[in-house]
$ cat run18.txt   # compact mmCIF, C-alpha atoms and all ligand atoms
# COMPACT_ATOMS: atom_id res chain seq x y z
CA MET A 1 26.90 -37.97 -40.37
CA ASN A 2 25.73 -41.11 -42.13
CA ASP A 3 25.04 -41.78 -45.79
CA LYS A 4 21.39 -40.90 -45.66
CA ASN A 5 22.38 -37.34 -44.78
CA ARG A 6 24.44 -36.96 -47.86
CA ALA A 7 22.82 -35.90 -51.10
CA ASP A 8 24.23 -36.96 -54.42
CA SER A 9 26.27 -34.24 -56.04
CA CYS A 10 25.26 -35.09 -59.56
CA CYS A 11 25.41 -31.44 -60.58
CA SER A 12 29.18 -31.33 -60.55
CA ASP A 13 30.78 -27.91 -60.24
CA GLY A 14 34.31 -28.90 -59.41
CA HIS A 15 33.57 -30.01 -55.85
CA ALA A 16 34.11 -33.73 -55.81
CA GLY A 17 32.52 -35.96 -53.19
CA PRO A 18 29.19 -36.13 -51.45
CA ALA A 19 27.42 -33.05 -50.14
CA LEU A 20 25.63 -32.37 -46.88
CA ARG A 21 21.85 -32.02 -47.07
CA LEU A 22 20.61 -28.52 -46.22
CA ASP A 23 18.28 -29.71 -43.45
CA GLU A 24 21.15 -31.62 -41.86
CA ALA A 25 23.38 -28.54 -42.08
CA LEU A 26 20.68 -26.45 -40.39
CA ALA A 27 20.08 -29.04 -37.66
CA THR A 28 23.83 -29.21 -36.95
CA ILE A 29 24.10 -25.43 -36.79
CA LEU A 30 21.06 -25.00 -34.53
CA ALA A 31 22.29 -27.74 -32.18
CA THR A 32 25.54 -25.78 -31.75
CA VAL A 33 24.00 -22.36 -31.05
CA ALA A 34 22.99 -21.27 -27.55
CA PRO A 35 21.36 -17.91 -26.79
CA VAL A 36 23.70 -15.13 -25.64
CA ASP A 37 23.92 -14.38 -21.91
CA GLY A 38 23.19 -11.00 -20.43
CA ASP A 39 20.29 -8.63 -20.46
CA GLU A 40 19.41 -4.96 -20.15
CA THR A 41 16.47 -2.78 -19.09
CA LEU A 42 14.67 -0.83 -21.81
CA ASN A 43 11.63 1.34 -21.88
CA LEU A 44 8.66 -0.25 -23.55
CA ARG A 45 8.91 1.34 -27.01
CA ALA A 46 12.64 0.70 -27.29
CA ALA A 47 11.96 -2.98 -26.54
CA LEU A 48 9.97 -3.57 -29.74
CA GLY A 49 11.31 -6.71 -31.45
CA ARG A 50 13.43 -7.77 -28.47
CA VAL A 51 13.25 -10.96 -26.39
CA LEU A 52 12.00 -10.76 -22.80
CA SER A 53 14.60 -12.13 -20.33
CA ALA A 54 12.38 -12.38 -17.24
CA ASP A 55 8.71 -13.17 -16.63
CA VAL A 56 6.45 -10.14 -16.27
CA VAL A 57 3.89 -10.71 -13.50
CA SER A 58 0.81 -8.53 -13.60
CA ARG A 59 -0.02 -6.58 -10.46
CA ILE A 60 -3.54 -5.91 -11.72
CA ASP A 61 -6.52 -7.62 -13.30
CA VAL A 62 -7.11 -6.99 -17.02
CA PRO A 63 -9.83 -5.92 -17.48
CA ALA A 64 -9.44 -4.06 -14.19
CA HIS A 65 -13.25 -4.02 -13.60
CA THR A 66 -16.09 -6.26 -14.65
CA ASN A 67 -17.52 -4.24 -17.54
CA SER A 68 -20.02 -4.20 -20.35
CA ALA A 69 -19.21 -5.63 -23.78
CA MET A 70 -22.13 -3.69 -25.37
CA ASP A 71 -23.96 -0.41 -25.33
CA GLY A 72 -27.21 -1.25 -23.52
CA TYR A 73 -28.77 -1.67 -20.08
CA ALA A 74 -27.21 -3.37 -17.03
CA LEU A 75 -29.45 -5.26 -14.60
CA ALA A 76 -29.69 -8.36 -12.42
CA GLY A 77 -30.18 -11.41 -14.68
CA SER A 78 -32.52 -12.95 -12.10
CA GLY A 79 -35.10 -10.25 -12.94
CA LEU A 80 -35.30 -11.01 -16.67
CA PRO A 81 -38.75 -12.10 -17.90
CA SER A 82 -39.05 -15.79 -18.75
CA GLU A 83 -41.97 -14.94 -21.04
CA GLY A 84 -43.65 -11.78 -22.29
CA LEU A 85 -42.26 -8.39 -21.32
CA CYS A 86 -40.86 -6.72 -18.21
CA THR A 87 -40.36 -3.01 -17.56
CA PHE A 88 -37.44 -1.65 -15.49
CA ASP A 89 -36.77 1.83 -14.06
CA VAL A 90 -33.65 3.43 -15.55
CA VAL A 91 -31.93 4.80 -12.42
CA GLY A 92 -28.62 6.05 -13.82
CA THR A 93 -25.85 5.86 -16.41
CA SER A 94 -22.46 4.11 -16.35
CA ALA A 95 -20.03 5.34 -19.01
CA ALA A 96 -16.41 4.24 -19.66
CA GLY A 97 -14.32 5.96 -16.99
CA ARG A 98 -17.48 7.34 -15.28
CA PRO A 99 -19.09 4.45 -13.37
CA TRP A 100 -22.51 4.48 -11.67
CA ASP A 101 -21.62 4.22 -8.00
CA HIS A 102 -24.98 3.06 -6.59
CA PRO A 103 -26.40 -0.45 -6.41
CA VAL A 104 -29.00 -1.61 -8.91
CA GLY A 105 -32.05 -3.08 -7.15
CA ASP A 106 -34.97 -5.28 -8.22
CA GLY A 107 -36.94 -3.75 -11.10
CA GLN A 108 -34.11 -1.33 -11.85
CA CYS A 109 -31.52 -1.02 -14.61
CA VAL A 110 -28.69 1.34 -15.55
CA ARG A 111 -27.91 2.72 -19.00
CA ILE A 112 -24.41 1.39 -19.74
CA MET A 113 -21.78 1.95 -22.47
CA THR A 114 -19.20 -0.47 -23.84
CA GLY A 115 -16.25 -0.76 -21.45
CA ALA A 116 -18.10 0.91 -18.54
CA ALA A 117 -17.87 -0.78 -15.13
CA MET A 118 -20.85 -2.93 -14.16
CA PRO A 119 -22.68 -1.42 -11.17
CA ASP A 120 -23.14 -3.48 -7.98
CA GLY A 121 -26.19 -5.72 -8.24
CA ALA A 122 -25.99 -6.02 -12.05
CA ASP A 123 -24.53 -9.09 -13.80
CA THR A 124 -26.20 -8.91 -17.22
CA VAL A 125 -26.34 -6.46 -20.13
CA VAL A 126 -29.19 -6.27 -22.64
CA MET A 127 -28.07 -4.62 -25.87
CA GLN A 128 -29.81 -1.34 -26.62
CA GLU A 129 -31.29 -2.63 -29.89
CA ASN A 130 -33.41 -5.08 -27.83
CA VAL A 131 -34.73 -2.48 -25.39
CA GLU A 132 -37.72 -0.23 -25.80
CA ARG A 133 -36.91 2.97 -23.98
CA SER A 134 -39.67 5.35 -22.90
CA GLY A 135 -38.72 8.21 -20.57
CA ASP A 136 -37.16 6.67 -17.47
CA THR A 137 -38.32 3.14 -18.18
CA ALA A 138 -36.88 0.33 -20.31
CA THR A 139 -38.98 -2.59 -21.57
CA ILE A 140 -37.29 -5.92 -22.28
CA ARG A 141 -38.72 -9.06 -23.91
CA ALA A 142 -38.14 -12.68 -22.91
CA GLY A 143 -35.17 -14.38 -24.60
CA GLU A 144 -32.24 -12.54 -22.98
CA LEU A 145 -29.75 -14.71 -21.05
CA PRO A 146 -28.56 -13.98 -17.49
CA GLY A 147 -24.84 -13.07 -17.44
CA GLN A 148 -24.65 -12.13 -21.12
CA HIS A 149 -22.47 -9.38 -22.66
CA VAL A 150 -20.29 -8.93 -19.58
CA ARG A 151 -16.46 -9.10 -19.51
CA GLN A 152 -15.22 -10.37 -16.17
CA ALA A 153 -12.43 -8.58 -14.27
CA GLY A 154 -9.16 -10.46 -14.90
CA GLU A 155 -10.55 -12.59 -17.74
CA ASP A 156 -7.64 -11.52 -20.03
CA ILE A 157 -4.86 -11.38 -17.42
CA ALA A 158 -5.44 -12.08 -13.70
CA ALA A 159 -3.60 -10.12 -10.98
CA GLY A 160 -0.60 -12.18 -9.83
CA ALA A 161 -0.46 -14.19 -13.07
CA VAL A 162 2.45 -14.17 -15.55
CA ALA A 163 1.37 -11.73 -18.26
CA LEU A 164 4.33 -12.61 -20.51
CA SER A 165 6.97 -15.23 -19.89
CA ALA A 166 10.74 -14.97 -20.40
CA GLY A 167 11.61 -15.77 -24.01
CA SER A 168 8.57 -13.97 -25.46
CA VAL A 169 9.32 -11.80 -28.48
CA LEU A 170 7.99 -8.28 -27.96
CA ASP A 171 5.92 -7.68 -31.08
CA PRO A 172 3.17 -5.02 -31.21
CA ALA A 173 0.62 -7.19 -29.32
CA GLU A 174 3.13 -7.78 -26.51
CA LEU A 175 3.94 -4.06 -26.19
CA GLY A 176 0.19 -3.43 -25.85
CA MET A 177 -0.18 -6.21 -23.27
CA LEU A 178 2.67 -4.85 -21.17
CA ALA A 179 1.16 -1.37 -21.36
CA SER A 180 -2.24 -2.83 -20.34
CA VAL A 181 -0.71 -4.06 -17.07
CA GLY A 182 1.02 -0.71 -16.47
CA VAL A 183 4.58 -1.90 -17.17
CA GLY A 184 6.75 0.87 -18.70
CA GLU A 185 10.17 -0.84 -18.55
CA VAL A 186 11.23 -4.42 -19.27
CA ARG A 187 14.28 -6.66 -18.96
CA VAL A 188 15.31 -7.97 -22.38
CA ARG A 189 18.09 -10.23 -23.54
CA ARG A 190 21.07 -8.30 -24.92
CA ARG A 191 21.42 -8.31 -28.68
CA PRO A 192 24.08 -10.55 -30.20
CA ARG A 193 26.90 -8.59 -31.84
CA VAL A 194 27.67 -9.76 -35.37
CA ALA A 195 30.91 -8.86 -37.18
CA PHE A 196 30.87 -9.09 -40.96
CA PHE A 197 33.36 -8.57 -43.76
CA SER A 198 34.06 -9.40 -47.42
CA THR A 199 37.13 -11.19 -48.68
CA GLY A 200 38.74 -10.82 -52.09
CA ASP A 201 41.57 -9.02 -53.89
CA GLU A 202 39.15 -8.14 -56.67
CA LEU A 203 36.92 -6.00 -54.47
CA CYS A 204 36.74 -2.24 -54.42
CA GLY A 205 34.42 -0.03 -52.41
CA VAL A 206 31.56 2.04 -53.80
CA GLY A 207 32.98 5.51 -54.38
CA GLU A 208 36.34 4.08 -55.51
CA VAL A 209 37.37 3.71 -59.14
CA PRO A 210 37.63 0.00 -59.97
CA GLY A 211 41.00 -1.03 -61.37
CA LYS A 212 41.43 -3.60 -64.09
CA GLY A 213 39.71 -6.85 -63.06
CA GLN A 214 38.13 -5.27 -60.00
CA ILE A 215 34.45 -5.40 -59.03
CA TYR A 216 32.47 -3.48 -56.48
CA ASP A 217 31.94 -5.15 -53.12
CA SER A 218 28.18 -5.67 -53.15
CA ASN A 219 28.01 -8.50 -50.60
CA ARG A 220 28.75 -6.24 -47.66
CA TYR A 221 25.67 -4.21 -48.57
CA THR A 222 23.30 -7.15 -48.89
CA LEU A 223 24.73 -8.54 -45.63
CA TYR A 224 24.28 -5.16 -43.97
CA GLY A 225 20.65 -5.11 -45.14
CA MET A 226 19.86 -8.65 -44.05
CA LEU A 227 21.59 -8.30 -40.68
CA THR A 228 19.99 -4.95 -39.94
CA ARG A 229 16.56 -6.56 -40.20
CA LEU A 230 17.47 -9.00 -37.41
CA ASP A 231 17.71 -8.46 -33.69
CA VAL A 232 21.51 -7.97 -33.71
CA ASP A 233 24.16 -5.23 -33.33
CA LEU A 234 26.53 -4.87 -36.30
CA LEU A 235 30.27 -4.52 -36.61
CA ASP A 236 31.36 -3.84 -40.22
CA LEU A 237 35.00 -4.91 -40.67
CA GLY A 238 35.23 -3.92 -44.33
CA VAL A 239 37.08 -5.73 -47.09
CA VAL A 240 39.87 -8.18 -46.32
CA ARG A 241 42.52 -8.93 -48.92
CA ASP A 242 43.39 -12.48 -49.97
CA GLU A 243 46.52 -12.59 -47.80
CA PRO A 244 46.99 -14.98 -44.90
CA ASP A 245 48.09 -12.24 -42.47
CA ALA A 246 45.17 -9.98 -43.30
CA VAL A 247 42.71 -12.85 -42.93
CA GLU A 248 44.22 -13.91 -39.60
CA THR A 249 44.16 -10.38 -38.24
CA VAL A 250 40.52 -9.77 -39.10
CA PHE A 251 39.44 -13.08 -37.57
CA ALA A 252 41.29 -12.27 -34.34
CA GLU A 253 39.61 -8.87 -34.15
CA ALA A 254 36.17 -10.22 -35.04
CA ALA A 255 36.38 -13.09 -32.52
CA ALA A 256 37.44 -10.69 -29.75
CA ARG A 257 34.60 -8.26 -30.36
CA ALA A 258 31.62 -10.27 -31.61
CA ASP A 259 29.33 -13.20 -30.75
CA ALA A 260 29.14 -14.23 -34.40
CA ILE A 261 31.16 -13.60 -37.56
CA VAL A 262 29.75 -13.65 -41.10
CA SER A 263 32.12 -13.42 -44.07
CA SER A 264 31.64 -13.77 -47.80
CA GLY A 265 34.01 -15.34 -50.30
CA GLY A 266 37.17 -17.35 -49.90
CA VAL A 267 35.58 -20.65 -48.78
CA SER A 268 35.72 -22.55 -52.06
CA VAL A 269 38.68 -24.48 -53.42
CA GLY A 270 40.39 -21.72 -55.41
CA ASP A 271 44.09 -20.87 -55.00
CA ALA A 272 43.38 -17.63 -53.16
CA ASP A 273 40.93 -19.00 -50.62
CA TYR A 274 42.82 -18.04 -47.50
CA VAL A 275 39.77 -18.19 -45.27
CA THR A 276 39.84 -21.96 -45.68
CA ASP A 277 43.63 -22.13 -45.23
CA THR A 278 43.65 -19.90 -42.18
CA LEU A 279 40.83 -21.61 -40.32
CA GLU A 280 41.45 -25.20 -41.31
CA ARG A 281 44.36 -25.31 -38.87
CA SER A 282 42.17 -24.39 -35.90
CA GLY A 283 40.05 -27.53 -36.34
CA ALA A 284 37.02 -25.70 -34.98
CA VAL A 285 35.59 -24.86 -38.40
CA ASN A 286 33.93 -27.32 -40.79
CA PHE A 287 34.02 -26.79 -44.52
CA TRP A 288 30.87 -28.11 -46.01
CA LYS A 289 29.60 -28.73 -49.48
CA VAL A 290 25.93 -28.13 -48.83
CA ALA A 291 23.61 -29.71 -51.38
CA MET A 292 21.86 -26.46 -52.20
CA LYS A 293 21.78 -24.18 -55.22
CA PRO A 294 22.74 -21.41 -55.13
CA GLY A 295 25.15 -21.93 -52.27
CA ARG A 296 27.25 -25.04 -51.83
CA PRO A 297 30.62 -24.18 -50.23
CA LEU A 298 30.03 -23.02 -46.67
CA ALA A 299 32.20 -22.85 -43.58
CA PHE A 300 30.66 -23.17 -40.14
CA GLY A 301 32.20 -23.46 -36.71
CA ARG A 302 33.87 -21.33 -34.07
CA VAL A 303 36.68 -18.82 -34.13
CA GLY A 304 37.60 -18.34 -30.49
CA ASP A 305 34.24 -18.08 -28.72
CA ALA A 306 32.46 -16.58 -31.73
CA LEU A 307 30.25 -18.55 -34.10
CA PHE A 308 31.55 -18.35 -37.65
CA PHE A 309 29.66 -18.52 -40.95
CA GLY A 310 31.86 -18.39 -44.04
CA LEU A 311 29.42 -17.78 -46.89
CA PRO A 312 30.23 -18.27 -50.58
CA GLY A 313 31.27 -15.24 -52.61
CA ASN A 314 28.61 -15.22 -55.29
CA PRO A 315 26.02 -12.53 -54.48
CA VAL A 316 22.87 -14.72 -54.74
CA SER A 317 24.59 -17.55 -52.84
CA VAL A 318 25.30 -15.09 -50.02
CA MET A 319 21.62 -14.22 -49.74
CA ALA A 320 20.31 -17.78 -50.11
CA THR A 321 22.70 -19.28 -47.54
CA PHE A 322 22.06 -16.36 -45.19
CA TYR A 323 18.27 -16.84 -45.23
CA GLN A 324 18.40 -20.64 -45.01
CA LEU A 325 21.17 -21.08 -42.43
CA VAL A 326 22.50 -17.88 -40.87
CA GLN A 327 19.21 -16.16 -40.05
CA PRO A 328 17.81 -19.15 -38.09
CA ALA A 329 21.12 -19.40 -36.19
CA LEU A 330 21.20 -15.69 -35.35
CA ASP A 331 17.54 -15.87 -34.26
CA LYS A 332 18.50 -18.66 -31.86
CA LEU A 333 21.55 -16.70 -30.69
CA ALA A 334 19.22 -13.78 -29.92
CA GLY A 335 17.03 -16.15 -27.85
CA ARG A 336 14.06 -16.15 -30.21
CA PRO A 337 11.86 -19.21 -29.69
CA ASP A 338 10.75 -19.26 -33.35
CA ALA A 339 14.25 -19.88 -34.81
CA GLY A 340 13.96 -22.18 -37.82
CA PRO A 341 13.69 -22.24 -41.60
CA PRO A 342 11.75 -19.43 -43.30
CA MET A 343 7.96 -19.75 -43.57
CA SER A 344 6.66 -21.23 -46.78
CA LEU A 345 3.40 -21.58 -48.67
CA THR A 346 2.14 -23.48 -51.70
CA ALA A 347 1.70 -21.87 -55.12
CA VAL A 348 1.06 -23.05 -58.66
CA THR A 349 3.93 -22.37 -61.04
CA ALA A 350 2.94 -20.51 -64.19
CA THR A 351 6.32 -21.26 -65.77
CA ALA A 352 8.08 -24.59 -66.29
CA LEU A 353 11.10 -24.90 -63.97
CA LYS A 354 14.41 -26.50 -64.93
CA LYS A 355 15.82 -28.76 -62.24
CA ARG A 356 18.10 -31.78 -61.97
CA PRO A 357 17.80 -34.13 -58.99
CA GLY A 358 20.61 -33.73 -56.44
CA ARG A 359 20.54 -30.38 -54.71
CA ARG A 360 17.81 -28.34 -53.04
CA GLU A 361 17.27 -25.34 -55.29
CA PHE A 362 16.15 -21.85 -54.38
CA GLN A 363 15.02 -20.37 -57.68
CA ARG A 364 13.87 -16.79 -57.59
CA GLY A 365 10.22 -16.21 -58.36
CA VAL A 366 7.50 -13.57 -58.49
CA LEU A 367 4.56 -14.59 -56.34
CA THR A 368 1.13 -13.12 -57.04
CA ARG A 369 -2.29 -13.69 -55.49
CA GLY A 370 -5.19 -14.12 -57.89
CA ASP A 371 -8.74 -12.83 -57.46
CA ASP A 372 -9.66 -16.36 -56.32
CA GLY A 373 -7.14 -16.07 -53.46
CA ARG A 374 -4.83 -18.68 -55.00
CA TYR A 375 -1.10 -18.01 -55.29
CA THR A 376 0.73 -18.25 -58.60
CA VAL A 377 4.48 -18.01 -59.06
CA ARG A 378 6.69 -17.48 -62.14
CA HIS A 379 10.46 -17.65 -62.15
CA THR A 380 12.47 -14.48 -62.75
CA GLY A 381 14.43 -15.82 -65.72
CA GLU A 382 18.19 -16.38 -65.63
CA GLN A 383 19.01 -18.13 -62.34
CA GLY A 384 22.83 -17.84 -62.13
CA SER A 385 24.30 -17.32 -58.66
CA GLY A 386 25.87 -14.05 -59.79
CA ILE A 387 22.56 -12.58 -61.05
CA LEU A 388 21.70 -10.43 -58.05
CA SER A 389 18.96 -8.66 -60.01
CA SER A 390 16.99 -11.94 -59.76
CA MET A 391 16.69 -11.30 -56.00
CA SER A 392 15.51 -7.76 -56.71
CA ARG A 393 12.99 -8.73 -59.40
CA GLY A 394 11.77 -11.67 -57.35
CA ASN A 395 9.78 -11.62 -54.13
CA CYS A 396 10.19 -15.28 -53.15
CA PHE A 397 12.32 -18.38 -53.39
CA ILE A 398 10.76 -21.28 -55.28
CA VAL A 399 12.02 -24.21 -53.20
CA LEU A 400 12.65 -27.37 -55.22
CA PRO A 401 13.58 -30.39 -53.05
CA GLU A 402 16.71 -32.50 -53.57
CA ASP A 403 15.07 -35.41 -55.38
CA CYS A 404 12.83 -33.27 -57.59
CA GLY A 405 13.46 -33.07 -61.34
CA PRO A 406 11.99 -30.59 -63.87
CA VAL A 407 8.65 -29.08 -62.88
CA ALA A 408 5.92 -28.58 -65.48
CA GLU A 409 3.77 -25.46 -65.70
CA GLY A 410 0.63 -25.84 -63.57
CA GLN A 411 2.29 -27.96 -60.85
CA GLU A 412 2.19 -26.99 -57.17
CA VAL A 413 5.49 -25.83 -55.67
CA THR A 414 6.67 -24.58 -52.27
CA VAL A 415 7.64 -20.92 -52.07
CA GLN A 416 9.26 -18.83 -49.36
CA PRO A 417 8.23 -15.17 -49.68
CA PHE A 418 11.14 -12.87 -48.91
CA ARG A 419 10.15 -9.35 -49.88
CA GLY A 420 9.31 -7.58 -46.66
CA PHE A 421 9.38 -10.87 -44.75
CA VAL A 422 13.12 -11.32 -44.33
P1 LIG B 501 34.98 -16.69 -54.03
O1 LIG B 501 34.06 -17.59 -53.24
O2 LIG B 501 35.79 -15.80 -53.16
O3 LIG B 501 35.80 -17.47 -54.99
O4 LIG B 501 34.02 -15.76 -54.89
C1 LIG B 501 33.10 -16.30 -55.81
C2 LIG B 501 32.58 -15.21 -56.75
O5 LIG B 501 31.89 -14.22 -55.99
C3 LIG B 501 33.64 -14.49 -57.52
O6 LIG B 501 33.16 -14.23 -58.83
C4 LIG B 501 33.81 -13.21 -56.76
O7 LIG B 501 34.31 -12.16 -57.55
C5 LIG B 501 32.41 -12.93 -56.29
N1 LIG B 501 32.44 -12.15 -55.05
C6 LIG B 501 33.17 -12.47 -53.97
N2 LIG B 501 33.03 -11.53 -53.01
C7 LIG B 501 32.19 -10.60 -53.52
C8 LIG B 501 31.64 -9.38 -53.00
N3 LIG B 501 31.95 -8.97 -51.77
N4 LIG B 501 30.79 -8.67 -53.76
C9 LIG B 501 30.46 -9.12 -55.01
N5 LIG B 501 30.96 -10.26 -55.56
C10 LIG B 501 31.81 -10.99 -54.83
MG MG B 502 37.43 -14.73 -53.31

$ encode --input "run18.txt" --output "structure tokens"
Amino acid sequence: MNDKNRADSCCSDGHAGPALRLDEALATILATVAPVDGDETLNLRAALGRVLSADVVSRIDVPAHTNSAMDGYALAGSGLPSEGLCTFDVVGTSAAGRPWDHPVGDGQCVRIMTGAAMPDGADTVVMQENVERSGDTATIRAGELPGQHVRQAGEDIAAGAVALSAGSVLDPAELGMLASVGVGEVRVRRRPRVAFFSTGDELCGVGEVPGKGQIYDSNRYTLYGMLTRLDVDLLDLGVVRDEPDAVETVFAEAAARADAIVSSGGVSVGDADYVTDTLERSGAVNFWKVAMKPGRPLAFGRVGDALFFGLPGNPVSVMATFYQLVQPALDKLAGRPDAGPPMSLTAVTATALKKRPGRREFQRGVLTRGDDGRYTVRHTGEQGSGILSSMSRGNCFIVLPEDCGPVAEGQEVTVQPFRGFV
């Protein structure tokens, strides 16, 4: 890391020294992560959201038959009038699933419906609105084009071609494509297994009565929610006390059973931060001061063969660091080709935003779309890293870059929507 990758830590919070830029932290993490090995066979519906591990080659053409794109009349384009009118005999009907099995000769046409197979001898469809039908004859004016309104067999997917390649994410369109080539089972990459736990002597579980100085463990619930929305299997290892033995034991268990470990708390510089103490000795974990707010202290590295993310303890910091750094890494671990920072868009801020240059800030905002289609955002008020209700009231992060200072009302800002997106 060179100096240009360090951001000034002018907003001192007890962590002396330069901080790592968020984009540098993400690049370092992504460069370390390789997709998990191993795959499994699933039926098509169960494979929704999964990553294909082998190419799917189509055994058939899609469409299977050359067919009509319109309701109308099928005929040979060579017989169309170049001027005036021409009358054709209507010799039959071709409906979807019920083709006309006889050839269409000169001066003849066939009534045809959308999706119905084109009869032999016909290569053109004239839409019914342009045809004057009288009994068994159809009259057509000049101006129609030979070959029009016909979908060719195999124009979507040709027999023998790769319908979907390994690495494709199976979203609804992909499930439909696989069904359209008659594939009912697919090979998909196995899901990464992610172990997660909270650290802290102050934590008590929901359903317990908090003792003096205790707080409920909320981070394990936000982590559960965020992880469940990803393509991973979960292993909840509960709450770990601030004791070296307890911390060591849970890391050994997590590393033996999971591909990745996500913890909250215990990575700052407090006296009881045994996560730092326990892992520092291994040398395989880095303790970063990331120049982001909320966030900042973050551990990243390996425990055994498992990737490890030690997130800060503050509830909003957990969510912000998860979305900016952990989610892209877990997407890459799952083999998703789209692994990277969350999607963003531009909005006009309707509220002035406080900001000091130094760190990249993720203020919580409420994004709305006006009647003119333009997006407006307003911040949710108090932005402390312990104010979890700001994540609930908000539907987006307002992303303020490192070097940016205060933002006036009416300025354009970058936002990352998170409600329903992440
Ligand atoms: P730490 O990083 O362990 O010093 O924690 C920073 C702050 O986050 C402290 O105020 C903790 O009480 C709080 N915190 C840590 N873990 C949790 C948790 N699991 N749920 C809610 N708050 C927590
Ligand atoms: Mg703690």

$ closest_residue --input "run18.txt" --among "A:Gly147, A:Pro172, A:Gly184, A:Pro417" --to "A:Ser344" --atoms "only C-alpha atoms"
A:Pro417

$ closest_atom_pairs --input "run18.txt" --of "chain A" --to "ligand LIG 501 (chain B)" --cutoff "6 Å" --atoms "all atoms listed in the file" --output "CSV"
residue,atom,partner,partner_atom,distance
A:Ser198,CA,B:LIG501,N3,4.9
A:Thr199,CA,B:LIG501,N2,6.0
A:Gly200,CA,B:LIG501,N2,5.8
A:Asp217,CA,B:LIG501,N4,3.8
A:Ser218,CA,B:LIG501,N4,4.0
A:Asn219,CA,B:LIG501,N3,4.1
A:Arg220,CA,B:LIG501,N3,5.9
A:Ser264,CA,B:LIG501,N2,5.8
A:Gly265,CA,B:LIG501,O2,3.4
A:Gly266,CA,B:LIG501,O2,3.9
A:Val267,CA,B:LIG501,O1,5.6
A:Ser268,CA,B:LIG501,O1,5.4
A:Pro312,CA,B:LIG501,O1,4.7
A:Gly313,CA,B:LIG501,O5,3.6
A:Asn314,CA,B:LIG501,O5,3.5
A:Pro315,CA,B:LIG501,N5,5.5

$ closest_residue --input "run18.txt" --among "A:Glu382, A:Asp201, A:Glu409, A:Asp277" --to "ligand MG 502 (chain B)" --atoms "all atoms listed in the file"
A:Asp201

$ closest_residue --input "run18.txt" --among "A:Gln214, A:Thr351, A:Thr368, A:Gln327" --to "ligand MG 502 (chain B)" --atoms "only C-alpha atoms and all ligand atoms"
A:Gln214

$ atom_distance --input "run18.txt" --atom1 "atom CA of A:Phe309" --atom2 "atom CA of A:Thr414"
26.3 Å

$ atom_distance --input "run18.txt" --atom1 "atom CA of A:Ala161" --atom2 "atom CA of A:Leu52"
16.2 Å

$ atom_distance --input "run18.txt" --atom1 "atom CA of A:Thr380" --atom2 "atom CA of A:Arg364"
5.8 Å

$ residues_around --input "run18.txt" --residues "A:Arg59" --least-positions-apart "6" --cutoff "8 Å" --atoms "only C-alpha atoms" --output "PyMOL selection string"
chain A and resi 159-160+181

$ closest_residue --input "run18.txt" --among "A:Val240, A:Leu145, A:Ala258, A:Leu333" --to "ligand MG 502 (chain B)" --atoms "only C-alpha atoms and all ligand atoms"
A:Val240

$ residues_around --input "run18.txt" --residues "A:Asp37" --least-positions-apart "6" --cutoff "12 Å" --atoms "only C-alpha atoms" --output "number ranges by chain"
A: 53, 188-193, 259, 333-335

$ axis_aligned_box --input "run18.txt" --around "stretch 73-86 of chain A" --padding-each-side "4 Å" --output "lines of an AutoDock Vina configuration file"
center_x = -35.4
center_y = -8.7
center_z = -17.2
size_x = 24.4
size_y = 22.1
size_z = 18.2

$ residues_near_point --input "run18.txt" --point "(10.6, -14.7, -51.9)" --cutoff "9 Å" --atoms "only C-alpha atoms" --output "ChimeraX atom specification"
/A:364-367,391,394-398,415-422

$ closest_residue --input "run18.txt" --among "A:Gly72, A:Cys86, A:Asn67, A:Arg141" --to "A:Asp123" --atoms "all atoms listed in the file"
A:Asn67

$ closest_residue --input "run18.txt" --among "A:Tyr274, A:Phe88, A:Tyr73, A:Tyr221" --to "ligand MG 502 (chain B)" --atoms "all atoms listed in the file"
A:Tyr274

$ residues_near_point --input "run18.txt" --point "(10.9, -4.1, -35.1)" --cutoff "10 Å" --atoms "all atoms listed in the file" --output "list in words"
Arg45, Ala46, Ala47, Leu48, Gly49, Arg50, Leu170, Asp171, Pro172, Arg229, Leu230 and Asp231 of chain A

$ residues_around --input "run18.txt" --residues "stretch 356-361 of chain A" --least-positions-apart "2" --cutoff "9 Å" --atoms "all atoms listed in the file" --output "ChimeraX atom specification"
/A:7-11,19,21-22,290-294,354,363,397-406

$ residues_around --input "run18.txt" --residues "A:Val131" --least-positions-apart "4" --cutoff "10 Å" --atoms "all atoms listed in the file" --output "list in words"
Gly72, Tyr73, Thr87, Val126, Met127, Thr137, Ala138, Thr139, Ile140 and Arg141 of chain A

$ write_last_selection --input "run18.txt" --atoms "C-alpha atoms" --output "PDB file, in the frame of the given file"
ATOM      1  CA  GLY A  72     -27.210  -1.250 -23.520  1.00  0.00           C
ATOM      2  CA  TYR A  73     -28.770  -1.670 -20.080  1.00  0.00           C
ATOM      3  CA  THR A  87     -40.360  -3.010 -17.560  1.00  0.00           C
ATOM      4  CA  VAL A 126     -29.190  -6.270 -22.640  1.00  0.00           C
ATOM      5  CA  MET A 127     -28.070  -4.620 -25.870  1.00  0.00           C
ATOM      6  CA  THR A 137     -38.320   3.140 -18.180  1.00  0.00           C
ATOM      7  CA  ALA A 138     -36.880   0.330 -20.310  1.00  0.00           C
ATOM      8  CA  THR A 139     -38.980  -2.590 -21.570  1.00  0.00           C
ATOM      9  CA  ILE A 140     -37.290  -5.920 -22.280  1.00  0.00           C
ATOM     10  CA  ARG A 141     -38.720  -9.060 -23.910  1.00  0.00           C
TER      11      ARG A 141
END
